[in-house]
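> My questions will all concern the structure given below.
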Amino acid sequence: MSALLTVEDLRVRFPTRTGVFEAVRGVSFTLGRERLGIVGESGSGKSQTGRAIMGLTPPHAEVTAKRLAFEGIDLLSASPKLRRDLRGKRIAMILQDPKYSLNPVMSIGRQIVETLRRHEKVGRAEARERALDMLAAVQIRDASRVFDLYPHEVSGGMGQRAMIAMMLVAGPELLIADEPTSALDVTVQLEVLAILDKLVEERGMGLIFVSHDLRLVSSFCDRVLVMYAGRIVEEIAASELGNAKHPYTRGLLNCMPVIGADRHPLPVLDRKPEWAL
Amino acid sequence: ETPKDTLVEGFAFDDIITMDPGEAFELSTAEMTSNTYSLLVRLDLNDTSKVVGDLAESWTVSDDGLTYTFKLKSGMKFASGNPITAEDVAYSFERAVKLDKSPAFILTQFGLTGDNVTEKAKAADAETFVFTVDQPYAPSFVLNCLTATVASVVDKKLVLEHVKSVTPSDEYKYDNDFGNEWLKTGYAGSGPFKLREWRANEVVVLERNENFYGEPAKLARVIYRHMKESSGQRLALEAGDIDVARNLEPGDYEAVGKNADLATASAPKGTVYYISLNQKNETLAKPEVQQAFKYLVDYDAIGATLIKGIGEIHQSFLPKGVLGALNENPYTFDVAKAKELLAKAGYPDGFTVTMDVRNTQPVTGVAESFQQTLAQAGVKLEIIPGDGKQTLTKYRARNHDMYIGQWGMDYFDPHSNADTFTNNPDNSDEGTNKTLAWRNAWDVPELSKKTKDALLERDSAKRADIYKELQKTVLENSPFVFIFQQTEVAGLRGNLQGFKLGPSFDTNYVWNVSKE
Amino acid sequence: MSLATETRPTTRREWLLSDRPQSRTQARLGRAYMTWRRFSANRLAVLGLCILLALVFVAIFADALAPHSPVIGNLAGARLLPPGSEGYLLGTDDQGRDILSRLIHGSRLTLLVVLLVAIIAAPVGLIVGAVAGYAGGWVDAVLMRITDIFLAFPKLVLALAFVAALGPGIENAVIAIAITSWPPYARIARAETLTVRNSDYIAAVRLMGASPLRIVFRHVMPMCMSSLIVRVTLDMAGIILTAAGLGFLGLGAQPPLPEWGAMIASGRRFILDQWWVATMPGIAILIVSLGFNLLGDGLRDALDPRESGQ
Amino acid sequence: MSGRRRARSRKAFVAVLQFLVVVATTYLGLLAVTFFIGRVIPIDPVLAVLGDRAPNHVVERTREAMGLNLPLYQQFFIYCRQAFTGDFGTSVLTTNPVMADIRRVFPATMELATLGTLIGAFIGVPLGVLAAVKRGSIADQVVRVIGLVGYSVPIFWLALLALLVFYARLQWVAYPGRIDIVYEYSFTPVTGFYLLDSAWQGQWDVFRDVFRHIILPASLLGYFSLAYISRMTRSFMLNELQQEYIVAARAKGLSEARIIWTHALRNAAVPLVTVIALSYAGLLEGSVLTETVFAWPGLGLYITNSLQNADMNAVLGGTIIIGSVFIAINLLSDLLYRTLDPRTRAR
Amino acid sequence: MTEAVSVENLSVVFDEFKALDAVSVDVAKGESFGLVGESGSGKSTLLRAVAGLTAASEGTIRVSGREVRGTRRDKAFYRAVQMVFQDPYGSLHPRQTVDRQLMEPLAIHGIGDGERRILKALDEVGLGSSFRFRYPHQLSGGQRQRIAIARALILEPSILLLDEPTSALDASVQAEVLNLLEEVRRDRGLTFIMVSHDLGVVTHMCERLAVMQNGRVVERLSSADLVAGRIAEEYTRNLMVASKGFRREAVAQSA
Ligand SMILES: Nc1ncnc2c1ncn2[C@@H]1O[C@H](COP(=O)(O)OP(=O)(O)OP(=O)(O)O)[C@@H](O)[C@H]1O
Ligand SMILES: Nc1ncnc2c1ncn2[C@@H]1O[C@H](COP(=O)(O)OP(=O)(O)OP(=O)(O)O)[C@@H](O)[C@H]1O
Ligand SMILES: [Mg+2]
Ligand SMILES: [Mg+2]
C-alpha cells in the first residue's frame, strides 16, 4: 500500500509567557488509503497534529518535522500558495465543532460553493448543482432547502454534515476528521460515521479520524494511534484493542461505564508521570 | 475675492431678533435700520451735538417749546415706489407707540400714549408733520431722540397690506399688529439700501434702493456675514473673502494694521464699560469701599493691553462726543490709597465678594485683571462667569454683588446715560423705572431730580454744565466704576474707499463705500 | 501533562505565579501580578501609565513645581511672551501669567474632573445597567427608556443646561458631564449582564437562595467591571475634552482657575499670532488623554477575559 | 397554518406597538427634560424675545403674554399640547417657525456629518482591518497612534490649526460658511444639501465651491470618527479572526485576502454597523464646537444659541429632531443589523 | 411513601415552543433517577423547572410533599435541593476563587463555621486545601466539576439535581466524578435526579430511568429492564443500539 501521508517526528511548539509549550512531541506515522483513528484525552495533541498536517497551526506556533510529506510533496517546505492549493482540494479537514466552524453570516450553500469555485473553474449553476449533490450525498434530505439556510438555522447534526459536504465537495484524497461526532446525538453520530465510511470504501480516500472515544474508534477504524501528552504511546490495529499493552490505553478502555456491567466503583486511570516521557 | 459691486462684511450679529424698526433695539440692527430706513432728522456727523434733516427739509420749534413742526422734502419715494408723505411719518410714530416694544419709550417719554398719539404726532398736510411734546424739553434732547431708529419712517401703504389682525387683550388693546410680524423680517423703508434678507446668525443682505431720493449708494449690494470669531474674521479678511472685519480683537486689529494689503478704521462709540456695586450689599454700600475700588483698577495696564485699540480709558458716564461729556480721568491704580480707604471703611484685611461676568471679551479679561488688582488690597473677588442672558437675568433681578457691564446709549443724547446712571425714582424691589441706578439699588433722590431738571434746560451750554456736574458727583461718589469707552474698529481690504465708522451704532453708514 | 521548558524563576515570582495559592492574599496578588505582567508587556500601555503617574505627581507637587503663581500675572510687563522668554518656559498668556505654572496647577483640575466623573457616572451606569439587565421586564423597560432619553438628548445641550442651571464652577461641570456620560455605561453593563444572567453560575447562586440584590451586586457587577473599567479609562479622554468644550463655551471652571479647556478657549483669540497660548494647553490635553487612552487599551488587553481565562 | 400566520401577524403588530410606545415615551421624556431645563436655567426667556435692552414695563407685559406667570403644570400642559400637534412655535431668536429653522440648519449639519462619517468609515475600516491583520506590527502601532491622537485631541483646537494651515496659508479650502457669497443668489438649494443640490442642478462651479467649504470641517469630523471606527474595527476584526470558522475557511484553501475581506469583515460588519451608526448620530447631534469654528450654520450651533437665550421653543424643536434622528438611526442600524446578521432574522 | 420529588403533568413553553409537554415523574426518597434522551428533548428543562430556574406553564411540582409554584422558592427549599450543571466551564463564577464560591452559600444562609466546612467539603470531593484559593481558570474540567459538586453539597441538601455532570469530561475523568457522586450518595442518603444522554452512565448510576423525546416521557423503566432488553419503545431501542458503538452491519441495515 503506497503511503498517502508520511509523518515523521512532528512537533508543534507554542511559545507562552511561562516558556515554550510543546503540544505535539515527535509524532510519527504513515497513512494509506485507510481509516486511521487517533484517540487520547482532551489536550493530548490530537487536533494540533491534524492542524499541523493541514498547515493551520496558529502563526505564532512553531511546527517542525523530520518529514511531513503528502504524496511526495514536502509540506513544510512547500510555498504558502501550494499549500493553499492543496488545502480543501486534496487534503481536507472537518473541524471539531460545527457550531463555530461555519461562517454564521453565509448561507450553507454559499460556503460549499465557495470551496468548489476556489479549486475548480466551474460556473455558478454547475457549482450549485454539485453542492446540492454533495449535500444529498451526506444524507441531507431536503438539500435545496438546506442550501439556503444559515448555520444557526440547522441542527448540530445537519451542521456537521454540511461541514463534511463543504470539505468533501472538491474530492480530497485525504480527510482529517477532528471529532466529527462529539457534538452529536448518539443516533446521529452513527449516520455521520456511515457517510465517512462509505467515502473510504468507495473513493479510496485516506481518513484520519480523531476522537477521544476509544470504543467508537475501535469499532470504526482500521488502525488506532493512542496519544498522551503530545506523544503516541501506542499504535494498534483496531481489532487488537482488547490486547492493548499500554496501561493508559487499557485504563481508557476500562473506565467507561458499560451497559449491563456492574462495576462499582468504576476503575479510574492512575496516571503515571513516566507515560509523558 | 468678493464681487466688485458687493461689500462683504464679517460681523457678529447674533443679537438681531427683529428687523422691525418699531421693535428693534439691538446694536447690530441699528446699523441695518439706519442704512435702510429714513428718519426725519439724523445726527450731524461733523458735529454730533447737532442734527441735520433727512426726510425733513426744515423744522421749527414753537416758543413754548411744545410743538415741533417738520416740513418734508418733496418728491421722495419709498423703495416700493410709494410717495413719502407726512402720513407715513405719523403712522410710523403711531405704530411704534402702540406696539410699545423695547425702544418705544424713546418716543413715549414725550408724553405719547396709545390714546393720544394720533393727536400728538400727526400730519398737518402731505408735507408737514407736527409733533407735540408734554413739557418744554431741551430741543436738542427732542431732536436727538428723533434720530433713534425707532423713529424710522415706514411705508404705511405697504405695511397696511401686511397687517395681521389680532384679538385685543389686556396687554394689547388693538385689533391689528401694525405689520409687526411681517416687518420682523420684511422691509418697508426708503433708505439708500433695501433689506433683501435676514437669516438669523447667518447673513443679512442689503441691496441698493433705486428709488432713493438722495445720492444713490455706490455699491449694489452689502452682505453681512455672521462670523463670531475675531481670528476667523481676520483670516477671511486676509484671504479676501470678506471686505470688512468688524469684530477684531486687539491682537488681530494690530496685525491687520500692519498688513500692507489691508487698512483699518476706528471710531469712538457711545458705549462705556463699568463695574457696578450692588448697594444691597452692605460692604459695597460704603463710600470708602466704592472709592477704593476706583483706585484698584489698573487703568494704564488695561488701556495698554486688553483694550488697546478697541477702547480708551474713560472714567465718567458720558462718552466722549456727547453733549456735556467730561473728559477727566482722575483715578489711577493706587493700592496704598485703596488700602487706606478700605481700612477706613473697616476692612483692613479686605473681604470676599462676587462679580457676575459675561463670558465675552474684553470684559472677562478686564474682570480677571481687576480680580488680581483687588487681591493686592486683600479683596478676594470671585468671578461668576455666565452667558450674556444669564448674567443679565441676575443683574436685572438685583441678585448680584458686582457686575461688569457695558452701557450703550439708547439714543444719542446725554440724557440716555444720565437717566440710567443717576435716576432712581423708586428704589423698592418693584421699582417704576428700572435704571442701572435701580439695578444697583443706588437710592439718590437729589441726583434723580437734577437729572430731570437737565432735560428742561433749553440752553445747550447750560444743559451741558448740569451734566458735567452730575458726572463729577458720580465720579467721586457712586457705586459705578467706569473704566473705558469703546472704540469700534474694523479691518478693511485695501481697495475699499469711503468706509467710515460713525459715532454711534446707527451711524455706521455703508452707502458711501466703494471699491477700486 | 503540560510540559513547560522554563528558566528557573525567582522565588517571589514563583510564589506569585503559583498554581496553588495558599491564601486569599496570594491568590489575589497572583492574579494581579498576572494582569500586571500582561499589562507591562505592552510598552505603549506602560507609557500611558507613566504619563498618568506623572500627572498625579505634578498635581500633588504643583505648588513646589510651578515657578510662578498660576493666577497672578504681570499684565503690563509680561503679557503674551513667547515660549523660552526669560523665566517663562512656555510663555505667558494674555493676563501675563506663566503658562507652565498654569498647566501645572491645571493638572489638579483635570484629575479632579476625570476622577469625579468616573466616580459618579460609572457606578450610576453600572447599577442602572446591571439592575435593568438582571431584573428584565418592566424594570428593564423603564430604566432603559430613561437611559435612551438621556442618550437621545444632545449631550452638550444637556451639559450646558445643567451648568447653566447649577451655576458655573468646576464641580457643577463635573456633575453635568457625569449626567451626560452614564447612559453608555448603563448600556454596556446591561449588555454584559444579559450575557451572564442566564449563565449556569448565576443559576447556581440563585439556587443557593441568594436575593436578587445580592446576585446583582456581588455576582453580576464584577463581571461587568472589566469592560466598564476599560470603557471608563477610554472615556477619560472624552471627559477631559468635554470639560474643555464646556470651558471653550465659557462655562466650566471659573476664572482665573487654570482649567486647560478654558485656557485653550481664552488662548484661541491669539492663535494667529501668539500660537502658544492655546497650543500649550492643547498639547497638555492631548498628552493626558493619550495617556488615558493608552492605559485603557492596555487594560483592555490585560483584563481580556479570553486571555486570563486560559 | 392560518393560526400560525395569525400568530405571526399578531407578533408583528405587538412589535410595531412596542416601537410606537418606545417612540412616544422617548418623545415625552425629551419634552419633559426640555421643559424642565427651560424652567431651571436662570435665564429669563423674556429677554430672548425682547433683547437685552428692553425697558421694564415691556418685560412684564411680555412675561404675562407668554403665560410665564401660570402655574408650572399648566405651562407644561400647554407645552405638551403644542408639541404634540407638531407645532413647536416660532423661535424668538430668528422669528421663524422652529420647523422652518430646522429645515435650514439640519441639512447643513447632516451634510457635514454624513461626509464626515463617510470619510471616517472609508478610511477607518480599512485601517482597522489592517491593524488587526498585522497585529503587533509597526502598521498596527501607527494606526493605533493615528487613532489615539484623533481621539485625544481637542477638536476645536485642531480645527483652528487646520484652518490656519489649509485656509490661511495654503489656501486649499474655502471659509467661512457653506458656500461662497458669490453664489448666494445664483444658487437656490432645494433639499438644503448643497452638494446634492448643486450636482443635481448641474452647477459644477457651485459644487466645487461647496466642496471646498465642506471638506475641511468634514475631514476633521471624519478624523474624529475615523479614530473611533478604526479602533472598533480592529477589535471586532481581532475577535472574528480568532474564530473557528476562519480556520475552516483556511482549511478550504481560501486566500488570506478573501478570508479577511469576505469572511472576517462580513462578520465584523455586524457590530460595526451599530458603531458607525452611533458615531454618525453623535456627529448629527451637531458638533457645536466645529460649527463655531467654521461659522457653519448648523443644528448644534442653533440649539446652543437658543439654549443660551432660553429660546425653549427652538431648543425643544432641535431636541426632538435629534431624538427622532437617534430613534431613526437606531431603528435603521437595527434593520441593517438584521439584514447583515442572519441569526437575528426571523425565519 | 412521600416522594422526594413528584412532577405531574408539567408543561414548559418558550415562546410558543413546548419544551416540556405534560411530563410526570415521581422520584422516591433516596432513589437515583435517570433521564435520558437526545439533545433538546427537554431533560435540562425539567430539572430547571424543578429548581425554579424556569417557570412552568402548567402542572404541579412537589418537593418532599410540598408544592412549589412559579420560580419562587423559600430558603428551606434551597437548603434541600441543589443542582450540578452540565458545563463545568460555565457553572463557576470566573472571577471568584473556589474559596469565595464555597463561602457564598454559607453566607447566604447565615451558616457560621465557614472555614471548617469549606475544608471538609474540599476534602470530600477529593481536592486538597491547596485548591482553595484558585480561580476556575486554574482548574481542569474534572476539578471544576468537583468544585461544583462541593458547592452543591456544602448546604447539605437531600436532593441533588445533576444535569449531565460528566458529559463535558473525558472518559477517565468521568469515572472519577461518577465514583465521587456515588460515594456521597451512599454516605448521605441523597436523592439523585440525573440527566445524561449516555445510557451507559445512566444505567451505571440509576435504578430507574425515564426516556424523553420531544418534551415527552416516552418510556419509564428500570435499569435492569433496560439491560435485559425489556424495552417497549422503538426509540429506546434505537438509543440502546447506538450506544454500543459503530457497527458496519447495523448501519448497512438501517440505510
Ligand atoms: N494557541 C495555543 N497556544 C498555546 N497552547 C495551545 C494552543 N492551542 C492548543 N494549545 C495546547 O495544545 C495542547 C493540545 O491541544 P489539542 O487541541 O491538540 O488537544 P486535543 O487533543 O484536540 O483535545 P480535545 O479533545 O479537547 O480537542 C493543549 O494542551 C492545548 O492547551
Ligand atoms: N430559555 C429558553 N428559551 C427558548 N427555548 C429554550 C430555552 N431553554 C431551552 N429551550 C428549548 O427547549 C428545548 C429543550 O431544551 P433542554 O435544554 O431541556 O434540552 P436537553 O434535553 O437538556 O438537551 P441537551 O442534551 O442538549 O442538554 C430545546 O429545544 C431548547 O432549544
Ligand atoms: Mg481537539
Ligand atoms: Mg441539557
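In the C-alpha cells, chains take letters A, B, ... by order of appearance, with residues numbered from 1 within each chain and ligands from 1 in the order shown.
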Tell me which protein, DNA and RNA residues are within 10 Å of range 176-182 of chain C, counting only C-alpha atoms, leaving out same-chain ones fewer than 4 positions away, and put them as a PyMOL selection string.

chain C and resi 113-114+116-126+128-129+147+150-151+153-166+170-172+186-187+232+235+238-240+242-243+246+252

> Give the residues close to ligand 3, within 9 Å, counting only C-alpha atoms and all ligand atoms; write them as a PyMOL selection string.

chain A and resi 42-48+50+95-96+178-179+210-212

> Got time to write the residues from that selection, all heavy atoms, as a tab-separated table (two decimals), in the first residue's frame?


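And here's selection15.tsv as it stands now:
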```tsv
chain	number	residue	atom	x	y	z
A	42	SER	N	-8.54	14.79	26.36
A	42	SER	CA	-8.56	16.19	25.96
A	42	SER	C	-7.20	16.83	26.19
A	42	SER	O	-6.57	16.62	27.22
A	42	SER	CB	-9.62	16.91	26.80
A	42	SER	OG	-9.74	18.22	26.37
A	43	GLY	N	-6.73	17.53	25.19
A	43	GLY	CA	-5.47	18.24	25.33
A	43	GLY	C	-4.26	17.39	25.03
A	43	GLY	O	-3.13	17.82	25.21
A	44	SER	N	-4.47	16.20	24.52
A	44	SER	CA	-3.32	15.33	24.28
A	44	SER	C	-2.64	15.64	22.95
A	44	SER	O	-1.62	15.04	22.63
A	44	SER	CB	-3.76	13.87	24.32
A	44	SER	OG	-4.81	13.67	23.42
A	45	GLY	N	-3.17	16.57	22.19
A	45	GLY	CA	-2.50	16.99	20.97
A	45	GLY	C	-3.05	16.41	19.70
A	45	GLY	O	-2.44	16.52	18.65
A	46	LYS	N	-4.23	15.84	19.76
A	46	LYS	CA	-4.84	15.23	18.59
A	46	LYS	C	-5.13	16.28	17.52
A	46	LYS	O	-4.71	16.15	16.37
A	46	LYS	CB	-6.14	14.53	18.98
A	46	LYS	CG	-6.02	13.58	20.16
A	46	LYS	CD	-7.32	12.92	20.50
A	46	LYS	CE	-8.42	13.84	20.96
A	46	LYS	NZ	-8.26	14.35	22.34
A	47	SER	N	-5.84	17.34	17.95
A	47	SER	CA	-6.22	18.35	16.98
A	47	SER	C	-4.99	19.04	16.42
A	47	SER	O	-4.93	19.34	15.23
A	47	SER	CB	-7.12	19.41	17.63
A	47	SER	OG	-8.29	18.82	18.10
A	48	GLN	N	-4.02	19.31	17.26
A	48	GLN	CA	-2.84	20.03	16.80
A	48	GLN	C	-2.08	19.20	15.77
A	48	GLN	O	-1.51	19.74	14.83
A	48	GLN	CB	-1.93	20.40	17.97
A	48	GLN	CG	-2.48	21.51	18.85
A	48	GLN	CD	-2.88	22.75	18.07
A	48	GLN	OE1	-2.29	23.07	17.04
A	48	GLN	NE2	-3.89	23.45	18.55
A	50	GLY	N	-3.49	17.14	13.63
A	50	GLY	CA	-4.27	17.29	12.41
A	50	GLY	C	-4.03	18.65	11.78
A	50	GLY	O	-3.84	18.77	10.56
A	95	LEU	N	-13.64	20.25	10.96
A	95	LEU	CA	-13.26	20.81	12.25
A	95	LEU	C	-14.15	20.29	13.36
A	95	LEU	O	-15.26	19.81	13.14
A	95	LEU	CB	-13.30	22.33	12.19
A	95	LEU	CG	-12.24	22.91	11.24
A	95	LEU	CD1	-12.39	24.40	11.15
A	95	LEU	CD2	-10.85	22.55	11.71
A	96	GLN	N	-13.61	20.48	14.54
A	96	GLN	CA	-14.19	19.84	15.72
A	96	GLN	C	-15.65	20.19	15.96
A	96	GLN	O	-16.47	19.35	16.23
A	96	GLN	CB	-13.35	20.24	16.93
A	96	GLN	CG	-13.50	19.32	18.10
A	96	GLN	CD	-12.32	19.45	19.05
A	96	GLN	OE1	-11.31	20.07	18.72
A	96	GLN	NE2	-12.43	18.87	20.21
A	178	ASP	N	-11.79	15.79	12.64
A	178	ASP	CA	-11.45	16.07	14.04
A	178	ASP	C	-12.71	16.00	14.89
A	178	ASP	O	-13.53	16.90	14.88
A	178	ASP	CB	-10.79	17.45	14.13
A	178	ASP	CG	-10.22	17.72	15.52
A	178	ASP	OD1	-10.37	16.84	16.39
A	178	ASP	OD2	-9.65	18.80	15.72
A	179	GLU	N	-12.84	14.95	15.59
A	179	GLU	CA	-14.02	14.71	16.41
A	179	GLU	C	-15.31	15.12	15.70
A	179	GLU	O	-16.03	15.98	16.16
A	179	GLU	CB	-13.91	15.46	17.74
A	179	GLU	CG	-12.58	15.20	18.40
A	179	GLU	CD	-12.62	15.35	19.90
A	179	GLU	OE1	-13.74	15.46	20.44
A	179	GLU	OE2	-11.55	15.32	20.51
A	210	VAL	N	-10.14	11.59	14.32
A	210	VAL	CA	-9.69	11.99	15.64
A	210	VAL	C	-10.85	11.92	16.61
A	210	VAL	O	-11.95	12.38	16.30
A	210	VAL	CB	-9.14	13.43	15.60
A	210	VAL	CG1	-8.77	13.90	16.98
A	210	VAL	CG2	-7.96	13.52	14.66
A	211	SER	N	-10.62	11.34	17.75
A	211	SER	CA	-11.71	11.23	18.72
A	211	SER	C	-11.13	10.96	20.09
A	211	SER	O	-9.98	10.59	20.22
A	211	SER	CB	-12.66	10.10	18.31
A	211	SER	OG	-13.61	9.89	19.32
A	212	HIS	N	-11.94	11.17	21.12
A	212	HIS	CA	-11.45	10.72	22.42
A	212	HIS	C	-12.21	9.47	22.86
A	212	HIS	O	-11.99	8.95	23.93
A	212	HIS	CB	-11.54	11.83	23.47
A	212	HIS	CG	-12.93	12.35	23.68
A	212	HIS	ND1	-13.29	13.62	23.37
A	212	HIS	CD2	-14.04	11.75	24.14
A	212	HIS	CE1	-14.57	13.80	23.64
A	212	HIS	NE2	-15.04	12.67	24.11
```

> I'd like the neighbourhood of range 452-457 of chain B as a tab-separated table (two decimals) with N, CA and C atoms, in the first residue's frame, where a residue qualifies if any of its atoms comes within 8 Å (using only C-alpha atoms), though same-chain residues fewer than 2 positions away should be ignored.


```
chain	number	residue	atom	x	y	z
B	135	GLN	N	-43.81	118.55	27.75
B	135	GLN	CA	-43.10	119.54	28.56
B	135	GLN	C	-42.11	120.28	27.69
B	136	PRO	N	-41.70	121.43	28.12
B	136	PRO	CA	-40.76	122.20	27.28
B	136	PRO	C	-39.35	121.66	27.39
B	137	TYR	N	-39.11	120.51	26.79
B	137	TYR	CA	-37.80	119.87	26.87
B	137	TYR	C	-36.76	120.66	26.10
B	138	ALA	N	-35.53	120.38	26.41
B	138	ALA	CA	-34.45	120.96	25.60
B	138	ALA	C	-34.63	120.47	24.18
B	141	PHE	N	-32.53	117.66	23.09
B	141	PHE	CA	-32.96	116.34	23.58
B	141	PHE	C	-34.01	115.73	22.66
B	415	HIS	N	-28.95	112.57	28.04
B	415	HIS	CA	-29.95	112.09	29.00
B	415	HIS	C	-30.02	110.57	29.06
B	448	SER	N	-31.56	112.22	41.10
B	448	SER	CA	-32.67	111.92	40.21
B	448	SER	C	-33.35	113.21	39.77
B	449	LYS	N	-33.51	114.10	40.76
B	449	LYS	CA	-34.21	115.35	40.45
B	449	LYS	C	-33.37	116.19	39.49
B	450	LYS	N	-32.10	116.23	39.78
B	450	LYS	CA	-31.19	117.03	38.96
B	450	LYS	C	-31.21	116.52	37.51
B	459	ASP	N	-31.17	125.81	27.10
B	459	ASP	CA	-29.89	126.33	26.63
B	459	ASP	C	-28.86	125.20	26.64
B	460	SER	N	-28.35	124.90	25.49
B	460	SER	CA	-27.46	123.75	25.37
B	460	SER	C	-26.24	123.84	26.27
B	462	LYS	N	-25.80	125.52	29.07
B	462	LYS	CA	-26.15	125.32	30.48
B	462	LYS	C	-26.49	123.86	30.74
B	463	ARG	N	-27.16	123.28	29.77
B	463	ARG	CA	-27.53	121.88	29.91
B	463	ARG	C	-26.26	121.02	30.05
B	466	ILE	N	-24.84	121.15	33.54
B	466	ILE	CA	-25.50	120.29	34.53
B	466	ILE	C	-24.97	118.86	34.42
B	467	TYR	N	-24.82	118.38	33.20
B	467	TYR	CA	-24.33	117.01	33.03
B	467	TYR	C	-22.92	116.87	33.55
```

> Write out as a list of chain:residue names each polymer residue whose atoms come within 6 Å of Ser107 in chain A, counting only C-alpha atoms; drop sequence neighbours fewer than 3 positions from it.

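Answer for this query is A:Arg110, A:Asp148, A:Leu149, A:Tyr150.
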
> Could those selected residues go to a file with N, CA and C atoms, as a compact mmCIF listing (two decimals), in the first residue's frame?


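This went into result.txt:
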```txt
# COMPACT_ATOMS: atom_id res chain seq x y z
N ARG A 110 -23.60 28.67 0.02
CA ARG A 110 -22.52 29.53 -0.45
C ARG A 110 -21.18 29.05 0.06
N ASP A 148 -29.96 27.02 1.24
CA ASP A 148 -30.16 28.44 1.51
C ASP A 148 -30.26 28.78 2.98
N LEU A 149 -30.11 27.79 3.83
CA LEU A 149 -30.21 28.08 5.26
C LEU A 149 -28.88 28.62 5.79
N TYR A 150 -29.00 29.30 6.91
CA TYR A 150 -27.79 29.78 7.58
C TYR A 150 -27.43 28.82 8.70
```

> So which residues are near ligand 2, meaning at most 6 Å away with only C-alpha atoms and all ligand atoms counted, given back as a ChimeraX atom specification?

/E:14,19,38-45

> Name all residues at most 9 Å from Gly267 in chain C (count only C-alpha atoms; drop same-chain ones fewer than 2 positions away) and give them as number ranges by chain.

C: 93-94, 262-265, 269-271, 274-279, 281
